[in-house]
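Note: the block below is target08.cif and it holds mmCIF, C-alpha atoms.
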data_final
#
loop_
_atom_site.label_atom_id
_atom_site.label_comp_id
_atom_site.auth_asym_id
_atom_site.auth_seq_id
_atom_site.Cartn_x
_atom_site.Cartn_y
_atom_site.Cartn_z
CA MET Y 1 -23.03 -5.22 15.02
CA GLU Y 2 -21.63 -2.97 12.29
CA GLY Y 3 -22.71 0.09 14.25
CA LEU Y 4 -20.80 -1.25 17.26
CA ILE Y 5 -17.60 -1.84 15.22
CA PHE Y 6 -17.98 1.64 13.71
CA LYS Y 7 -18.34 3.24 17.15
CA PHE Y 8 -15.33 1.28 18.42
CA LEU Y 9 -13.21 2.55 15.48
CA CYS Y 10 -14.42 6.10 16.10
CA GLY Y 11 -13.36 5.67 19.75
CA ILE Y 12 -9.88 4.56 18.65
CA LEU Y 13 -9.62 7.61 16.36
CA TYR Y 14 -10.70 9.85 19.23
CA VAL Y 15 -8.08 8.36 21.57
CA ILE Y 16 -5.31 8.71 18.94
CA GLY Y 17 -6.43 12.32 18.45
CA LEU Y 18 -6.16 12.93 22.20
CA CYS Y 19 -2.54 11.73 22.15
CA PHE Y 20 -1.60 14.35 19.52
CA GLY Y 21 -3.95 17.12 20.68
CA TRP Y 22 -6.33 16.81 17.68
CA ASN Y 23 -10.10 16.80 17.85
CA TYR Y 24 -12.08 13.93 16.30
CA ARG Y 25 -12.49 15.60 12.90
CA GLU Y 26 -8.78 16.43 12.60
CA ALA Y 27 -7.77 12.93 13.71
CA SER Y 28 -10.05 11.29 11.15
CA VAL Y 29 -8.77 13.55 8.34
CA TYR Y 30 -5.11 12.92 9.20
CA ILE Y 31 -5.50 9.18 9.67
CA CYS Y 32 -8.24 8.19 7.20
CA ILE Y 33 -7.37 10.54 4.32
CA TYR Y 34 -3.63 11.19 4.68
CA LEU Y 35 -2.20 8.18 6.53
CA TRP Y 36 -4.35 5.42 5.01
CA PRO Y 37 -3.10 5.75 1.39
CA ALA Y 38 0.47 6.35 2.61
CA LEU Y 39 0.38 3.09 4.59
CA CYS Y 40 -0.92 1.28 1.50
CA VAL Y 41 2.00 2.67 -0.54
CA LEU Y 42 4.45 1.65 2.21
CA SER Y 43 3.07 -1.90 2.27
CA THR Y 44 4.22 -2.37 -1.35
CA LEU Y 45 7.88 -1.60 -0.56
CA PRO Y 46 8.77 -4.97 1.12
CA ILE Y 47 8.15 -6.61 -2.28
CA THR Y 48 10.97 -4.51 -3.78
CA VAL Y 49 13.20 -5.16 -0.77
CA GLY Y 50 12.66 -8.91 -1.19
CA LEU Y 51 13.49 -8.75 -4.91
CA ILE Y 52 16.68 -6.75 -4.23
CA HIS Y 53 17.66 -9.26 -1.56
CA ARG Y 54 17.18 -12.00 -4.19
CA ILE Y 55 19.44 -10.12 -6.64
CA VAL Y 56 22.12 -9.52 -4.01
CA ALA Y 57 21.97 -13.08 -2.66
CA ASN Y 58 21.96 -14.51 -6.23
CA LYS Y 59 18.74 -16.48 -5.77
CA SER Y 60 16.90 -16.47 -9.13
CA ARG Y 61 18.69 -13.20 -9.87
CA TRP Y 62 17.58 -12.58 -13.48
CA LEU Y 63 13.94 -13.34 -12.77
CA SER Y 64 14.09 -10.76 -9.96
CA VAL Y 65 15.72 -8.17 -12.26
CA PHE Y 66 12.89 -8.81 -14.74
CA ALA Y 67 10.28 -8.52 -11.96
CA LEU Y 68 11.63 -5.21 -10.56
CA PRO Y 69 9.98 -2.87 -13.15
CA PHE Y 70 6.65 -4.62 -12.54
CA ALA Y 71 7.04 -4.17 -8.78
CA TRP Y 72 7.75 -0.49 -9.40
CA PHE Y 73 4.65 -0.24 -11.64
CA TYR Y 74 2.57 -1.81 -8.85
CA THR Y 75 3.92 0.80 -6.39
CA THR Y 76 3.33 3.53 -9.02
CA CYS Y 77 -0.37 2.59 -9.24
CA TYR Y 78 -0.66 2.97 -5.45
CA ILE Y 79 1.19 6.33 -5.54
CA THR Y 80 -1.09 7.57 -8.37
CA PHE Y 81 -4.22 6.69 -6.43
CA SER Y 82 -2.83 8.32 -3.26
CA VAL Y 83 -1.96 11.51 -5.18
CA LEU Y 84 -5.48 11.56 -6.64
CA ILE Y 85 -6.98 11.15 -3.15
CA TYR Y 86 -4.84 14.02 -1.83
CA THR Y 87 -5.66 16.36 -4.73
CA TYR Y 88 -9.36 15.46 -4.57
CA TYR Y 89 -9.72 16.14 -0.85
CA THR Y 90 -7.52 19.24 -0.63
CA ASP Y 91 -8.45 21.19 -3.78
CA GLY Y 92 -12.20 20.64 -3.67
CA ILE Y 93 -15.14 22.97 -3.17
CA TYR Y 94 -14.86 22.55 0.62
CA HIS Y 95 -11.27 23.68 0.41
CA ASN Y 96 -10.57 23.71 4.15
CA ASN Y 97 -12.92 20.92 5.09
CA PRO Y 98 -11.93 17.52 3.70
CA PHE Y 99 -13.82 15.81 6.57
CA ASP Y 100 -17.23 17.03 5.36
CA MET Y 101 -16.32 16.32 1.77
CA CYS Y 102 -15.28 12.75 2.59
CA MET Y 103 -18.42 12.20 4.67
CA ASN Y 104 -20.66 13.48 1.86
CA ASP Y 105 -18.93 11.14 -0.60
CA LEU Y 106 -19.32 8.14 1.71
CA GLN Y 107 -23.01 8.95 2.25
CA GLN Y 108 -23.47 9.28 -1.52
CA ILE Y 109 -21.80 5.89 -2.07
CA ALA Y 110 -24.03 4.36 0.65
CA ARG Y 111 -27.15 5.76 -1.07
CA GLU Y 112 -26.06 4.43 -4.46
CA CYS Y 113 -25.25 0.97 -3.08
CA ASN Y 114 -28.36 0.79 -0.84
CA THR Y 115 -26.35 0.30 2.36
CA THR Y 116 -25.58 2.31 5.46
CA TYR Y 117 -22.84 4.89 5.99
CA GLU Y 118 -21.27 2.68 8.69
CA HIS Y 119 -21.07 -0.31 6.34
CA VAL Y 120 -19.33 1.75 3.63
CA ASN Y 121 -16.85 3.02 6.21
CA ILE Y 122 -16.06 -0.48 7.47
CA VAL Y 123 -15.70 -1.88 3.93
CA ILE Y 124 -13.26 0.85 2.88
CA TYR Y 125 -11.24 1.34 6.06
CA VAL Y 126 -11.21 -2.22 7.45
CA TYR Y 127 -11.91 -4.84 4.75
CA LEU Y 128 -10.10 -3.06 1.90
CA PHE Y 129 -7.13 -2.14 4.11
CA ALA Y 130 -6.86 -5.74 5.40
CA LEU Y 131 -7.14 -7.08 1.83
CA ILE Y 132 -4.40 -4.74 0.52
CA TRP Y 133 -2.04 -5.65 3.38
CA LEU Y 134 -2.78 -9.37 2.96
CA VAL Y 135 -2.12 -9.30 -0.82
CA ASN Y 136 1.06 -7.22 -0.39
CA GLY Y 137 2.18 -9.47 2.47
CA ILE Y 138 1.75 -12.58 0.30
CA LEU Y 139 3.63 -10.89 -2.58
CA ALA Y 140 6.42 -9.82 -0.21
CA TYR Y 141 6.62 -13.38 1.15
CA ILE Y 142 6.94 -14.76 -2.39
CA ALA Y 143 9.62 -12.16 -3.21
CA LYS Y 144 11.64 -13.01 -0.09
CA PRO Y 145 14.60 -15.28 -0.94
CA TYR Y 146 14.91 -17.45 2.18
CA HIS Y 147 11.85 -19.24 3.54
CA LYS Y 148 12.66 -21.88 6.14
CA ARG Y 149 9.42 -23.87 5.87
CA TRP Y 150 9.12 -23.33 2.13
CA ASN Y 151 12.73 -24.45 1.53
CA ILE Y 152 12.23 -27.60 3.63
CA LEU Y 153 9.16 -28.43 1.52
CA VAL Y 154 11.05 -27.81 -1.74
CA GLU Y 155 13.98 -29.95 -0.57
CA LYS Y 156 11.61 -32.80 0.31
CA ILE Y 157 10.02 -32.64 -3.15
CA CYS Y 158 13.46 -32.58 -4.83
CA ARG Y 159 14.60 -35.63 -2.83
CA ARG Y 160 11.50 -37.56 -3.86
CA LYS Y 161 12.16 -36.79 -7.51
CA ARG Y 162 15.72 -38.05 -7.24
CA MET Q 163 -21.48 -8.09 -4.20
CA THR Q 164 -21.82 -4.99 -2.01
CA PHE Q 165 -18.09 -5.05 -1.23
CA PHE Q 166 -17.07 -4.75 -4.89
CA GLU Q 167 -19.87 -2.26 -5.57
CA ILE Q 168 -18.64 -0.01 -2.76
CA ILE Q 169 -14.98 -0.29 -3.83
CA GLY Q 170 -15.98 0.43 -7.44
CA LYS Q 171 -17.93 3.52 -6.41
CA MET Q 172 -15.03 4.69 -4.23
CA ILE Q 173 -12.57 4.29 -7.09
CA ASP Q 174 -14.98 6.12 -9.44
CA THR Q 175 -15.44 9.00 -6.98
CA VAL Q 176 -11.76 9.51 -6.18
CA LEU Q 177 -10.35 8.69 -9.60
CA PHE Q 178 -12.65 10.91 -11.65
CA GLY Q 179 -12.97 13.55 -8.93
CA GLY Q 180 -9.19 13.72 -8.56
CA LEU Q 181 -8.68 13.70 -12.32
CA GLU Q 182 -11.18 16.52 -12.87
CA ILE Q 183 -9.73 18.69 -10.09
CA GLY Q 184 -6.02 18.01 -10.22
CA TYR Q 185 -5.25 17.03 -13.75
CA THR Q 186 -7.90 18.60 -15.97
CA GLY Q 187 -7.42 17.55 -19.56
CA LEU Q 188 -4.82 14.86 -18.83
CA SER Q 189 -5.42 11.16 -19.34
CA LEU Q 190 -4.80 8.57 -16.65
CA ASP Q 191 -2.01 6.74 -18.51
CA TYR Q 192 -0.20 10.05 -18.97
CA ILE Q 193 -0.27 10.56 -15.17
CA VAL Q 194 0.80 6.97 -14.44
CA ASN Q 195 3.65 7.35 -16.93
CA GLY Q 196 4.62 10.70 -15.37
CA ILE Q 197 4.85 9.16 -11.91
CA TYR Q 198 6.49 5.98 -13.26
CA PHE Q 199 9.37 7.90 -14.81
CA GLY Q 200 9.24 10.98 -12.54
CA TYR Q 201 9.75 9.06 -9.32
CA LEU Q 202 11.99 6.42 -10.95
CA ILE Q 203 15.18 8.11 -9.74
CA TYR Q 204 14.00 7.92 -6.10
CA TYR Q 205 13.09 4.28 -6.63
CA ILE Q 206 16.54 3.53 -8.06
CA ALA Q 207 18.10 5.37 -5.10
CA PHE Q 208 15.97 3.29 -2.71
CA CYS Q 209 16.96 0.07 -4.51
CA MET Q 210 20.67 0.96 -4.38
CA LEU Q 211 20.52 1.90 -0.70
CA THR Q 212 18.74 -1.33 0.20
CA ALA Q 213 21.14 -3.41 -1.91
CA SER Q 214 24.17 -1.77 -0.26
CA PHE Q 215 22.58 -2.38 3.15
CA TYR Q 216 22.17 -6.09 2.37
CA PHE Q 217 25.72 -6.21 0.98
CA MET Q 218 27.11 -4.64 4.17
CA VAL Q 219 25.11 -6.99 6.40
CA SER Q 220 26.27 -10.06 4.45
CA ARG Q 221 29.92 -8.89 4.65
CA ILE Q 222 29.64 -8.38 8.43
CA LYS Q 223 28.09 -11.84 8.77
CA LYS Q 224 30.89 -13.42 6.72
CA LYS Q 225 33.54 -11.68 8.86
CA LYS Q 226 31.87 -12.99 12.02
CA GLU Q 227 31.85 -16.51 10.55
CA TRP Q 228 35.59 -16.24 9.80
CA LYS Q 229 36.30 -15.10 13.36
CA ASP Q 230 34.23 -17.96 14.81
#
Step by step, read the file and then write its structure as structure tokens.
Amino acid sequence: MEGLIFKFLCGILYVIGLCFGWNYREASVYICIYLWPALCVLSTLPITVGLIHRIVANKSRWLSVFALPFAWFYTTCYITFSVLIYTYYTDGIYHNNPFDMCMNDLQQIARECNTTYEHVNIVIYVYLFALIWLVNGILAYIAKPYHKRWNILVEKICRRKR
Amino acid sequence: MTFFEIIGKMIDTVLFGGLEIGYTGLSLDYIVNGIYFGYLIYYIAFCMLTASFYFMVSRIKKKKEWKD
């Protein structure tokens, strides 16, 4: 099953590569090494936008001002890790070949964890990516000032208390 | 357990590999601090732009309400 998912993802990469005139190796380097961390960094920005919206709309303004540096630190951690990924895969021994370098690393990780190369790929590029977007989505939802359903629930609770 | 093992190994590989290659001799908190304060000005610019955008949108909405 994992092999099938892996082949399907490779097919998607190949098709995306065809759209831009890249071969499979180029497409996987651009998307898996360059785009993947950048998308993770981008997914942290809606949290900040939500907090700023709270400050502007005066909904728990001071709490949001207090939370802003922490949101920036969270984004900073993502940026640091992305910068490390970029430096690691562009200044390495295989200077012009980050694809081979990345594949060697993934195979090494698979050997050390007693699993297959496909499984490591799926864990990093599917499960981890989904987890990061889910966590950032939940944080962004919490940071957002106006929730229709959430507000209705809060109002109901407040009425009961009264 | 394999999930966390794999993620841990990935972080080890990239973190220490990246640190050795890119920032030899520098500690991780030094780098985090460098990015935290180095990119802060862009972050403040982003915050101000977004805030002004929300301010403009709310003003336009209020004007529309007055007209209606």
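Any residue of chain Y with an atom no more than 6 Å from chain Q counts as a contact; using only C-alpha atoms, that gives Thr76, Leu84, Ile85, Thr87 and Tyr88 of chain Y.
If you look at atom CA of Pro37 of chain Y and atom CA of Arg54 of chain Y, they are 27.5 Å away from each other.
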Selection: 6 Å around Gln107 of chain Y, only C-alpha atoms, excl. self and same-chain fewer than 3 positions, as an MDAnalysis selection string: chainID Y and resid 104 110 117
Using all atoms listed in the file, determine which residues lie at most 9 Å from segment 137-148 of chain Y, disregarding the query and same-chain residues fewer than 6 positions distant; provide the list as a PyMOL selection string. chain Y and resi 43-54+57+59-60+64
Enter the distance from atom CA of Leu211 of chain Q to atom CA of Trp228 of chain Q, in Å, rounded to one decimal. 25.8 Å
May I ask for the distance between atom CA of Cys40 of chain Y and atom CA of Gly17 of chain Y, given in Å to one decimal place?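 Straight-line distance from atom CA of Cys40 of chain Y to atom CA of Gly17 of chain Y works out to 21.0 Å.
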Using only C-alpha atoms, pick whichever of Y:Leu63, Y:Val15, Y:Val56, Y:Cys32 has the shortest atom-to-atom distance to Tyr125 of chain Y.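 Of the candidates, the smallest distance to Tyr125 of chain Y is held by Y:Cys32.
Shortest separation to Val120 of chain Y among Y:Tyr34, Y:Cys102, Y:Arg149, Y:Ile55 occurs at residue Y:Cys102, atoms counted being only C-alpha atoms.
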